[in-house]
Structure formats: C-alpha cells, structure tokens
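Student: Before I ask anything, here is the structure I am working with.
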Amino acid sequence: MFSAELRLNAPANTRVMNPLHDRKSVRHSRRSMLRGLAGAATLAAGGALAGRAFAEDQQLDALIGDTDRNAFGQDFDQASRTIHMPKATAPTLSPATAQITEAAVKSYDDIVARGGWPEVPKVDELRLGNRHPSVVDLRKRLLVSGDLDANAAGNDIYDSYVAEAVRRFQARHGLTVDGILREATLDAMNVPAATRRDQLKVNIERLKTLSTNLGPRYVVVNIPAARVEAIENDVAVQRHIAVVGRPDRPSPDINSKIVQINFNPYWTVPVSIVRKDLIPLMQDKPDYLTQNHIRVFDVNHKEVPASQIDWYSDDAVHYTFREDPGDSNSLGRIRINFPSQYGVYMHDTPLKNLFGGDFRYDSSGCCRVQNVQDLVVWLLSGTKGWGPDHIEQAIKSGDQVNANLTKPVPLHWVYVTAWSASDGIVQFREDIYDRDGVGAPAIPPTVKL
C-alpha cells in the first residue's frame, strides 16, 4: 500500500544509532572548546568579545539541553531509516511511472480528505539552530507530506530533523538542496495539497501516453524539471541539469531520435531570433555582430558587411547570420542533432552560470545541457571510432567535426510536472508554461528571467 509518506518499497537503512554517552562526550567537548575560545578572545580583544562568547556559550548550552531533552530528537537515526531522498537512478519516464503515480494520487486523496497541510507563515530565512514560532507549523507541514518523521513533531527549534526534512522536500521539488528555508522553498510548501493532487491526476494521462514502447536505451528531457536523463534498461545512468525555453519561447514536446553530434559547430541564427533579438541589438550596438564573430551572407551565400542591412526594417530576415566555432559560440563546443519540425537542438553553452539557478528557463526553445560531453560519450558508445579520447581530440581540434550515430537513440522532450518514479517518492515541478490548468504556480514572481 502507498503510505502517507508517499513512498513504495523503501529499502531499509542499516545505519547504527550513536549511543547516549557519545552525545554527552560531545556536549562536554563543545562546551570546553567554546569556553577556551572565550578565554582567547579575552586576551586578544578584551571583555566585549569575552562577554559575547559567554552569551554564545549560554545559547549553546540551551540548545544542547534541548538535545538532551529530546527537542532535537534522540531518535534522529531511527527517523532517517524511514525517510529517504529520491534516488538518482530512478528515471522520470519508465514503463512503470504511470502506475506508480496513480498510487500516489490515492495517497494525496487521503491527505486532502484529512484537510491537507497547514500553511507555513512567511519568514525571511530559517536554518539549522534557529528558534522561531513558524517552525511548529513547518514541522506539521512536513509531517503531512511525509518529509518529516512522526517522532519529530512538536517544537519550535529548526533542528537536524527539520533541516533534513527540508532537504528532502527541496529534492522532491527541484530546488537547491541545502536544508535552508528561503522564499522559493516556502512558496512551494504553501501550494495547497488539493492542487498538488490535481497536478498528479493531470500528469497521469501524459505519462500513460509517454511511457509505452520506450525501448532499452533513450534520452528524456523533462522541460518543467529542466533536466536531461540518459536511461538504459530502466535505470537513469546519467542526469544533467538543463536550461530550457522561456515561457514566452517555450521548448516543444518532441519525439525523435538523436542521429548526429557536431563538435565545434557553427550556429546559424534562426529567423525568429533575428526578428526578436538581433535587430534590436544591432540598433543599439552596431558592432554587435563583429564582436560576437557572427558573419552575414546574402541569398547567394556571399559574405557581405553588416552595414549593408537596413536595421530599422525587416531587411535583416533575408540574410543568413552564422556564428563561427569557438569558446564563445552560442552552442558551445557540442551540438546534438535530431529531426524536428521546430528547428531546436540540444547543445553546450559558454554561459555555464545559467546551470546554477533553480529556475532555468532562459533559452529560445533549445535545450542547453550541463556536462554535455559526458552525455555525448554515452550516445556514441555504440559508434565505432568515437571513444572518449577521439571525442576529446575532435573538440580540441577547433574545427567542425561531425559524428553520425550508428544506431540513433530515441529522444523524448516531455512536459511532466508531477510524478512518482520507481523509488516511490512523489516529485513536483512548477507549471512553467501554464499547461496543467489546476492553479499550480508557474515561475515565482520574484524570479527574473
């Protein structure tokens, strides 16, 4: 049966609990260390620092006392055996995903029937060691969704129980996993249980359509998750952070096959980007093309100067704009090609910083892939003459080199915002393109794209 903690068939964790005398020993050593530091502070800077250190000593004693009284939870190890993080090897899309997600809906139906979960009051930030009245509601919220063990309910201290529960919640929602309660995590927590349940129901129909005839080896781009998975025999053997299309330039749903890899590719600017981006840029910065190594060709494929174009009209759409290969090329050093009516592809990028955010919706429809070279090694593993060393040589050559896959690999760009994979853990992502129709949040209003 699918339990209220929203998992199935969890493996036992055999980690042994620390004995009580170890905790007492740690308590004594920490007090001694802090008092020693207070003494050193007195010698170095006088009584003010010593007084501050003494105050911190009292604060630490209070927190340690809470630990001894079970406020921090002497049974944390026991709880850690029942609450698990999502498995990195559990693929989003597999033949079993739809069925497991249906079981999750039943669990969420029960949660909704019992009144859902409480709203957590707004706070600027909470982290390990903080004490705040909102932590009481936070514990209740995490307990209902199965992120916090039942033994850990009840007090206002942001202890190791709570920090680990927040980490699990963040992992399930595609947020930075740091155990710190900030605005993005709080916003995701305060989405009503009924809305999350309805998200699961909407996605079941998508999953039923998507999870048939997948084959043993394929690539999935889950657009709302901004994540790429290489899947082999129902195991996610690689996962890559991605950057996908902005809400006003969404990445499309695609079912295709990866057929070719370009190393050191040229980039031909699509007409849509010429209209939306390039013309305004050239009006503002006439030397933009030169600075970015983009050359201009007329309809006869003859290179012409940019000054020949009237940038205050649609004249530019009749020309071809091609960016030379190099470190600054918009596609980076690698492009992954597949047949598509949308003119999009997967590729590297010189803007590595874009992979660092929680809300990675910044492209014009293509999919930028972090550590894309690792994915290409996997894609070309069945193609003779294209081992890791050959791939590295092709990249270092600086010339455009093409590698055709001996056996094309199926590719699926999908829009899945709620699912439960083979690990039985329910995951959610924001409805970035507003396709679910259930009132789930899109991108938080504070996020700038």
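Residues in the structure tokens are numbered from 1 in each chain, the chains being A, B, ... in the order shown, and ligands are numbered from 1 in the order shown.
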Taking the chain letters and numbering used in this document, name the residues of stretch 120-328 of chain A that DSSP puts in alpha helix (DSSP H), as a PyMOL selection string.
Tutor: chain A and resi 134-144+160-172+183-189+193-210+271-273+279-284+288-291
Student: Since we have the selection now, will you write its residues out, keeping C-alpha atoms, as a short mmCIF file (atom, residue, chain, number, x, y, z; two decimals), in the first residue's frame?
Tutor:
```cif
data_model
loop_
_atom_site.label_atom_id
_atom_site.label_comp_id
_atom_site.auth_asym_id
_atom_site.auth_seq_id
_atom_site.Cartn_x
_atom_site.Cartn_y
_atom_site.Cartn_z
CA SER A 134 6.88 29.22 12.45
CA VAL A 135 8.92 26.04 12.93
CA VAL A 136 5.94 24.46 14.70
CA ASP A 137 3.80 24.90 11.55
CA LEU A 138 6.76 23.90 9.37
CA ARG A 139 7.03 20.60 11.23
CA LYS A 140 3.30 19.95 10.80
CA ARG A 141 3.53 20.75 7.08
CA LEU A 142 6.48 18.42 6.50
CA LEU A 143 4.90 15.67 8.59
CA VAL A 144 1.72 15.60 6.48
CA SER A 160 18.55 18.30 12.33
CA TYR A 161 15.16 16.61 11.88
CA VAL A 162 13.73 19.71 10.25
CA ALA A 163 16.82 20.51 8.18
CA GLU A 164 16.86 17.01 6.71
CA ALA A 165 13.12 17.13 6.04
CA VAL A 166 13.52 20.45 4.23
CA ARG A 167 16.34 18.95 2.18
CA ARG A 168 14.09 16.08 1.14
CA PHE A 169 11.28 18.49 0.28
CA GLN A 170 13.66 20.57 -1.83
CA ALA A 171 14.89 17.49 -3.68
CA ARG A 172 11.31 16.47 -4.43
CA GLU A 183 11.29 32.11 -0.22
CA ALA A 184 11.30 29.60 -3.11
CA THR A 185 11.07 26.61 -0.76
CA LEU A 186 8.36 28.29 1.32
CA ASP A 187 6.32 29.16 -1.79
CA ALA A 188 6.42 25.54 -2.92
CA MET A 189 5.39 24.34 0.55
CA ALA A 193 -2.50 19.72 -1.15
CA ALA A 194 -5.56 19.62 -3.43
CA THR A 195 -3.61 21.48 -6.13
CA ARG A 196 -0.72 19.04 -5.91
CA ARG A 197 -3.17 16.12 -6.05
CA ASP A 198 -4.78 17.57 -9.17
CA GLN A 199 -1.34 18.02 -10.73
CA LEU A 200 -0.71 14.31 -10.27
CA LYS A 201 -4.02 13.47 -11.94
CA VAL A 202 -3.28 15.67 -14.96
CA ASN A 203 0.14 14.11 -15.40
CA ILE A 204 -1.09 10.52 -15.21
CA GLU A 205 -2.71 10.93 -18.62
CA ARG A 206 0.53 12.33 -20.05
CA LEU A 207 2.56 9.52 -18.51
CA LYS A 208 0.28 6.84 -19.92
CA THR A 209 0.86 8.22 -23.41
CA LEU A 210 4.58 8.75 -22.95
CA VAL A 271 14.86 33.91 -38.30
CA SER A 272 12.73 34.19 -35.16
CA ILE A 273 15.77 35.27 -33.14
CA ILE A 279 17.55 43.57 -34.99
CA PRO A 280 17.06 45.40 -31.66
CA LEU A 281 20.65 44.55 -30.65
CA MET A 282 22.07 45.95 -33.88
CA GLN A 283 20.03 49.13 -33.50
CA ASP A 284 21.56 49.60 -30.05
CA TYR A 288 27.49 43.52 -32.05
CA LEU A 289 27.99 41.09 -34.96
CA THR A 290 31.68 41.83 -35.23
CA GLN A 291 32.27 41.50 -31.51
#
```
Student: Which of stretch 116-334 of chain A end up as strand (DSSP E or B) when DSSP is run on this backbone - answer as a PDB file with N, CA and C atoms, in the first residue's frame?
Tutor:
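Output (result26.pdb):
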```
ATOM      1  N   LEU A 126      15.097  30.565   7.542  1.00  0.00           N
ATOM      2  CA  LEU A 126      15.300  29.715   8.716  1.00  0.00           C
ATOM      3  C   LEU A 126      16.306  28.645   8.364  1.00  0.00           C
ATOM      4  N   ARG A 131      15.524  29.283  16.238  1.00  0.00           N
ATOM      5  CA  ARG A 131      14.315  29.033  17.019  1.00  0.00           C
ATOM      6  C   ARG A 131      13.285  30.068  16.574  1.00  0.00           C
ATOM      7  N   ILE A 157      12.182  24.520  17.333  1.00  0.00           N
ATOM      8  CA  ILE A 157      13.608  24.559  17.004  1.00  0.00           C
ATOM      9  C   ILE A 157      13.848  23.953  15.613  1.00  0.00           C
ATOM     10  N   LEU A 181      15.362  27.141   4.753  1.00  0.00           N
ATOM     11  CA  LEU A 181      14.036  27.591   4.331  1.00  0.00           C
ATOM     12  C   LEU A 181      14.123  29.031   3.844  1.00  0.00           C
ATOM     13  N   ARG A 217      16.992   1.915 -24.361  1.00  0.00           N
ATOM     14  CA  ARG A 217      18.004   2.989 -24.298  1.00  0.00           C
ATOM     15  C   ARG A 217      17.420   4.256 -24.920  1.00  0.00           C
ATOM     16  N   TYR A 218      17.298   5.310 -24.104  1.00  0.00           N
ATOM     17  CA  TYR A 218      16.683   6.535 -24.626  1.00  0.00           C
ATOM     18  C   TYR A 218      17.079   7.724 -23.760  1.00  0.00           C
ATOM     19  N   VAL A 219      16.792   8.924 -24.293  1.00  0.00           N
ATOM     20  CA  VAL A 219      17.086  10.174 -23.592  1.00  0.00           C
ATOM     21  C   VAL A 219      15.770  10.910 -23.354  1.00  0.00           C
ATOM     22  N   VAL A 220      15.614  11.442 -22.143  1.00  0.00           N
ATOM     23  CA  VAL A 220      14.422  12.215 -21.792  1.00  0.00           C
ATOM     24  C   VAL A 220      14.842  13.613 -21.352  1.00  0.00           C
ATOM     25  N   VAL A 221      14.186  14.615 -21.912  1.00  0.00           N
ATOM     26  CA  VAL A 221      14.300  15.992 -21.421  1.00  0.00           C
ATOM     27  C   VAL A 221      12.959  16.335 -20.791  1.00  0.00           C
ATOM     28  N   ASN A 222      12.928  16.439 -19.461  1.00  0.00           N
ATOM     29  CA  ASN A 222      11.703  16.881 -18.804  1.00  0.00           C
ATOM     30  C   ASN A 222      11.770  18.399 -18.689  1.00  0.00           C
ATOM     31  N   ARG A 227      15.768  19.205 -16.852  1.00  0.00           N
ATOM     32  CA  ARG A 227      16.693  18.117 -16.556  1.00  0.00           C
ATOM     33  C   ARG A 227      16.700  17.116 -17.709  1.00  0.00           C
ATOM     34  N   VAL A 228      17.875  16.562 -17.960  1.00  0.00           N
ATOM     35  CA  VAL A 228      18.066  15.554 -19.000  1.00  0.00           C
ATOM     36  C   VAL A 228      18.475  14.241 -18.332  1.00  0.00           C
ATOM     37  N   GLU A 229      17.893  13.147 -18.789  1.00  0.00           N
ATOM     38  CA  GLU A 229      18.250  11.825 -18.279  1.00  0.00           C
ATOM     39  C   GLU A 229      18.610  10.906 -19.432  1.00  0.00           C
ATOM     40  N   ALA A 230      19.722  10.190 -19.289  1.00  0.00           N
ATOM     41  CA  ALA A 230      20.078   9.104 -20.195  1.00  0.00           C
ATOM     42  C   ALA A 230      19.664   7.807 -19.511  1.00  0.00           C
ATOM     43  N   ILE A 231      18.782   7.059 -20.134  1.00  0.00           N
ATOM     44  CA  ILE A 231      18.172   5.902 -19.478  1.00  0.00           C
ATOM     45  C   ILE A 231      18.533   4.632 -20.233  1.00  0.00           C
ATOM     46  N   GLU A 232      18.964   3.645 -19.470  1.00  0.00           N
ATOM     47  CA  GLU A 232      19.362   2.365 -20.045  1.00  0.00           C
ATOM     48  C   GLU A 232      18.825   1.247 -19.163  1.00  0.00           C
ATOM     49  N   VAL A 235      17.083   2.333 -15.940  1.00  0.00           N
ATOM     50  CA  VAL A 235      17.925   2.990 -14.946  1.00  0.00           C
ATOM     51  C   VAL A 235      18.450   4.300 -15.542  1.00  0.00           C
ATOM     52  N   ALA A 236      18.344   5.380 -14.772  1.00  0.00           N
ATOM     53  CA  ALA A 236      18.916   6.656 -15.213  1.00  0.00           C
ATOM     54  C   ALA A 236      20.422   6.606 -14.964  1.00  0.00           C
ATOM     55  N   VAL A 237      21.171   6.308 -16.012  1.00  0.00           N
ATOM     56  CA  VAL A 237      22.619   6.149 -15.873  1.00  0.00           C
ATOM     57  C   VAL A 237      23.339   7.496 -15.869  1.00  0.00           C
ATOM     58  N   GLN A 238      22.680   8.529 -16.385  1.00  0.00           N
ATOM     59  CA  GLN A 238      23.218   9.891 -16.320  1.00  0.00           C
ATOM     60  C   GLN A 238      22.071  10.864 -16.103  1.00  0.00           C
ATOM     61  N   ARG A 239      22.371  11.917 -15.335  1.00  0.00           N
ATOM     62  CA  ARG A 239      21.437  13.031 -15.179  1.00  0.00           C
ATOM     63  C   ARG A 239      22.191  14.323 -15.396  1.00  0.00           C
ATOM     64  N   HIS A 240      21.551  15.242 -16.122  1.00  0.00           N
ATOM     65  CA  HIS A 240      22.198  16.508 -16.442  1.00  0.00           C
ATOM     66  C   HIS A 240      21.241  17.663 -16.171  1.00  0.00           C
ATOM     67  N   ILE A 241      21.740  18.682 -15.487  1.00  0.00           N
ATOM     68  CA  ILE A 241      20.982  19.922 -15.354  1.00  0.00           C
ATOM     69  C   ILE A 241      20.872  20.556 -16.735  1.00  0.00           C
ATOM     70  N   ALA A 242      19.729  21.173 -17.000  1.00  0.00           N
ATOM     71  CA  ALA A 242      19.495  21.764 -18.314  1.00  0.00           C
ATOM     72  C   ALA A 242      18.945  23.176 -18.175  1.00  0.00           C
ATOM     73  N   VAL A 243      19.003  23.909 -19.278  1.00  0.00           N
ATOM     74  CA  VAL A 243      18.325  25.194 -19.417  1.00  0.00           C
ATOM     75  C   VAL A 243      17.387  25.058 -20.599  1.00  0.00           C
ATOM     76  N   VAL A 244      16.099  25.353 -20.392  1.00  0.00           N
ATOM     77  CA  VAL A 244      15.100  25.171 -21.444  1.00  0.00           C
ATOM     78  C   VAL A 244      14.443  26.510 -21.778  1.00  0.00           C
ATOM     79  N   GLY A 245      13.407  26.457 -22.615  1.00  0.00           N
ATOM     80  CA  GLY A 245      12.814  27.663 -23.165  1.00  0.00           C
ATOM     81  C   GLY A 245      12.084  28.532 -22.148  1.00  0.00           C
ATOM     82  N   ILE A 254       8.665  16.813 -28.000  1.00  0.00           N
ATOM     83  CA  ILE A 254       9.319  16.199 -29.158  1.00  0.00           C
ATOM     84  C   ILE A 254       9.460  14.696 -28.938  1.00  0.00           C
ATOM     85  N   ASN A 255       9.189  13.932 -29.954  1.00  0.00           N
ATOM     86  CA  ASN A 255       9.541  12.517 -30.009  1.00  0.00           C
ATOM     87  C   ASN A 255      10.350  12.315 -31.279  1.00  0.00           C
ATOM     88  N   SER A 256      11.627  12.042 -31.131  1.00  0.00           N
ATOM     89  CA  SER A 256      12.515  11.949 -32.276  1.00  0.00           C
ATOM     90  C   SER A 256      13.630  10.954 -31.963  1.00  0.00           C
ATOM     91  N   LYS A 257      14.702  11.016 -32.747  1.00  0.00           N
ATOM     92  CA  LYS A 257      15.879  10.181 -32.500  1.00  0.00           C
ATOM     93  C   LYS A 257      17.138  11.008 -32.729  1.00  0.00           C
ATOM     94  N   ILE A 258      18.070  10.880 -31.804  1.00  0.00           N
ATOM     95  CA  ILE A 258      19.351  11.573 -31.943  1.00  0.00           C
ATOM     96  C   ILE A 258      20.178  10.857 -32.997  1.00  0.00           C
ATOM     97  N   VAL A 259      20.609  11.589 -34.034  1.00  0.00           N
ATOM     98  CA  VAL A 259      21.270  10.960 -35.175  1.00  0.00           C
ATOM     99  C   VAL A 259      22.709  11.446 -35.374  1.00  0.00           C
ATOM    100  N   GLN A 260      23.040  12.613 -34.827  1.00  0.00           N
ATOM    101  CA  GLN A 260      24.350  13.191 -35.148  1.00  0.00           C
ATOM    102  C   GLN A 260      24.832  14.105 -34.030  1.00  0.00           C
ATOM    103  N   ILE A 261      26.155  14.130 -33.861  1.00  0.00           N
ATOM    104  CA  ILE A 261      26.806  15.061 -32.941  1.00  0.00           C
ATOM    105  C   ILE A 261      27.720  15.976 -33.755  1.00  0.00           C
ATOM    106  N   ASN A 262      27.612  17.286 -33.536  1.00  0.00           N
ATOM    107  CA  ASN A 262      28.538  18.256 -34.140  1.00  0.00           C
ATOM    108  C   ASN A 262      29.513  18.737 -33.071  1.00  0.00           C
ATOM    109  N   PHE A 263      30.795  18.617 -33.339  1.00  0.00           N
ATOM    110  CA  PHE A 263      31.810  19.197 -32.469  1.00  0.00           C
ATOM    111  C   PHE A 263      32.271  20.516 -33.078  1.00  0.00           C
ATOM    112  N   TRP A 267      26.878  28.253 -35.656  1.00  0.00           N
ATOM    113  CA  TRP A 267      25.485  28.500 -35.285  1.00  0.00           C
ATOM    114  C   TRP A 267      24.867  29.447 -36.287  1.00  0.00           C
ATOM    115  N   THR A 268      23.821  28.981 -36.955  1.00  0.00           N
ATOM    116  CA  THR A 268      23.060  29.820 -37.857  1.00  0.00           C
ATOM    117  C   THR A 268      21.883  30.395 -37.085  1.00  0.00           C
ATOM    118  N   ILE A 294      30.000  36.906 -35.675  1.00  0.00           N
ATOM    119  CA  ILE A 294      28.862  36.485 -36.498  1.00  0.00           C
ATOM    120  C   ILE A 294      29.002  37.137 -37.868  1.00  0.00           C
ATOM    121  N   ARG A 295      29.025  36.287 -38.883  1.00  0.00           N
ATOM    122  CA  ARG A 295      29.188  36.782 -40.256  1.00  0.00           C
ATOM    123  C   ARG A 295      27.842  36.782 -40.983  1.00  0.00           C
ATOM    124  N   VAL A 296      27.750  37.647 -42.005  1.00  0.00           N
ATOM    125  CA  VAL A 296      26.490  37.853 -42.722  1.00  0.00           C
ATOM    126  C   VAL A 296      26.637  37.365 -44.156  1.00  0.00           C
ATOM    127  N   PHE A 297      25.620  36.603 -44.643  1.00  0.00           N
ATOM    128  CA  PHE A 297      25.626  36.076 -46.020  1.00  0.00           C
ATOM    129  C   PHE A 297      24.300  36.430 -46.687  1.00  0.00           C
ATOM    130  N   GLU A 303      29.401  36.531 -48.557  1.00  0.00           N
ATOM    131  CA  GLU A 303      29.546  37.290 -47.322  1.00  0.00           C
ATOM    132  C   GLU A 303      29.483  38.781 -47.616  1.00  0.00           C
ATOM    133  N   VAL A 304      28.706  39.492 -46.807  1.00  0.00           N
ATOM    134  CA  VAL A 304      28.506  40.925 -47.012  1.00  0.00           C
ATOM    135  C   VAL A 304      28.683  41.635 -45.671  1.00  0.00           C
ATOM    136  N   THR A 320      21.470  35.506 -43.980  1.00  0.00           N
ATOM    137  CA  THR A 320      21.862  34.422 -43.085  1.00  0.00           C
ATOM    138  C   THR A 320      22.969  34.930 -42.170  1.00  0.00           C
ATOM    139  N   PHE A 321      22.813  34.662 -40.880  1.00  0.00           N
ATOM    140  CA  PHE A 321      23.801  35.090 -39.879  1.00  0.00           C
ATOM    141  C   PHE A 321      24.407  33.835 -39.252  1.00  0.00           C
ATOM    142  N   ARG A 322      25.711  33.705 -39.376  1.00  0.00           N
ATOM    143  CA  ARG A 322      26.389  32.480 -38.929  1.00  0.00           C
ATOM    144  C   ARG A 322      27.529  32.824 -37.977  1.00  0.00           C
ATOM    145  N   GLU A 323      27.461  32.235 -36.805  1.00  0.00           N
ATOM    146  CA  GLU A 323      28.483  32.448 -35.789  1.00  0.00           C
ATOM    147  C   GLU A 323      29.574  31.401 -35.929  1.00  0.00           C
ATOM    148  N   ILE A 334      29.591  21.711 -28.502  1.00  0.00           N
ATOM    149  CA  ILE A 334      28.887  20.490 -28.921  1.00  0.00           C
ATOM    150  C   ILE A 334      27.429  20.804 -29.216  1.00  0.00           C
TER     151      ILE A 334
END
```
Student: Using atom CA of A:Asp423 and atom CA of A:Ala96 as the two end points, give the distance in Å to one decimal.
Tutor: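 Spanning atom CA of A:Asp423 to atom CA of A:Ala96 is a straight-line distance of 10.7 Å.
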Student: Hey, which bits of stretch 81-164 of chain A sit within 12 Å of stretch 426-440 of chain A, and for each residue what's the closest pair of atoms and how far apart in Å (one decimal), counting only C-alpha atoms, rows by chain and increasing number, as CSV?
Tutor:
```
residue,atom,partner,partner_atom,distance
A:His84,CA,A:Val426,CA,11.4
A:Met85,CA,A:Val426,CA,10.5
A:Pro86,CA,A:Val426,CA,8.5
A:Lys87,CA,A:Val426,CA,11.3
A:Ala90,CA,A:Val426,CA,11.6
A:Pro91,CA,A:Gln427,CA,11.8
A:Thr92,CA,A:Gln427,CA,9.4
A:Thr97,CA,A:Val426,CA,10.7
A:Ala98,CA,A:Val426,CA,11.9
A:Ile100,CA,A:Val426,CA,9.3
A:Thr101,CA,A:Val426,CA,7.7
A:Glu102,CA,A:Val426,CA,10.7
A:Ala103,CA,A:Val426,CA,10.1
A:Ala104,CA,A:Val426,CA,6.9
A:Val105,CA,A:Val426,CA,9.6
A:Lys106,CA,A:Val426,CA,12.0
A:Ser107,CA,A:Val426,CA,10.2
A:Tyr108,CA,A:Val426,CA,10.0
A:Ser145,CA,A:Val426,CA,9.6
A:Gly146,CA,A:Val426,CA,9.9
A:Asp147,CA,A:Val426,CA,10.6
```
Student: Would you save the residues of that selection, restricted to C-alpha atoms, as a JSON list (two decimals), in the first residue's frame?
Tutor:
```
[["chain", "number", "residue", "atom", "x", "y", "z"],
["A", 84, "HIS", "CA", 14.55, 8.71, 2.11],
["A", 85, "MET", "CA", 15.78, 11.08, -0.57],
["A", 86, "PRO", "CA", 14.82, 10.49, -4.23],
["A", 87, "LYS", "CA", 17.09, 8.01, -5.99],
["A", 90, "ALA", "CA", 15.11, 6.30, -10.76],
["A", 91, "PRO", "CA", 14.07, 7.60, -14.21],
["A", 92, "THR", "CA", 11.27, 10.13, -14.56],
["A", 97, "THR", "CA", 5.86, 5.56, -13.89],
["A", 98, "ALA", "CA", 2.15, 5.96, -14.72],
["A", 100, "ILE", "CA", 3.21, 4.29, -9.52],
["A", 101, "THR", "CA", 1.90, 7.83, -9.96],
["A", 102, "GLU", "CA", -1.68, 6.53, -9.81],
["A", 103, "ALA", "CA", -0.87, 5.05, -6.39],
["A", 104, "ALA", "CA", 0.45, 8.46, -5.32],
["A", 105, "VAL", "CA", -2.89, 10.06, -6.25],
["A", 106, "LYS", "CA", -4.67, 7.78, -3.77],
["A", 107, "SER", "CA", -2.29, 8.87, -1.05],
["A", 108, "TYR", "CA", -2.87, 12.54, -1.86],
["A", 145, "SER", "CA", 3.66, 15.28, 3.20],
["A", 146, "GLY", "CA", 5.86, 12.51, 4.57],
["A", 147, "ASP", "CA", 9.09, 14.51, 4.60]]
```
Student: Looking at A:Ser420, A:Asn155, A:Asn264, A:Asn213, which one is nearest to A:Asp399, with distances taken over only C-alpha atoms?
Tutor: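 Among the listed residues, A:Asn264 lies closest to A:Asp399.
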Student: Just how far from atom CA of A:Asn292 is atom CA of A:Ser313, in Å to one decimal?
Tutor: 21.9 Å
Student: With only C-alpha atoms as the counted atoms, please give the residues lying no more than 9 Å from A:Arg249, apart from itself and same-chain residues fewer than 4 positions off, as a list in words.
Tutor: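 Listing them by chain and then by number gives Gly245, Asp362, Ser363, Ser364 and Gly365 of chain A.
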Student: By how many Å are atom CA of A:Pro270 and atom CA of A:Trp378 apart?
Tutor: 28.8 Å
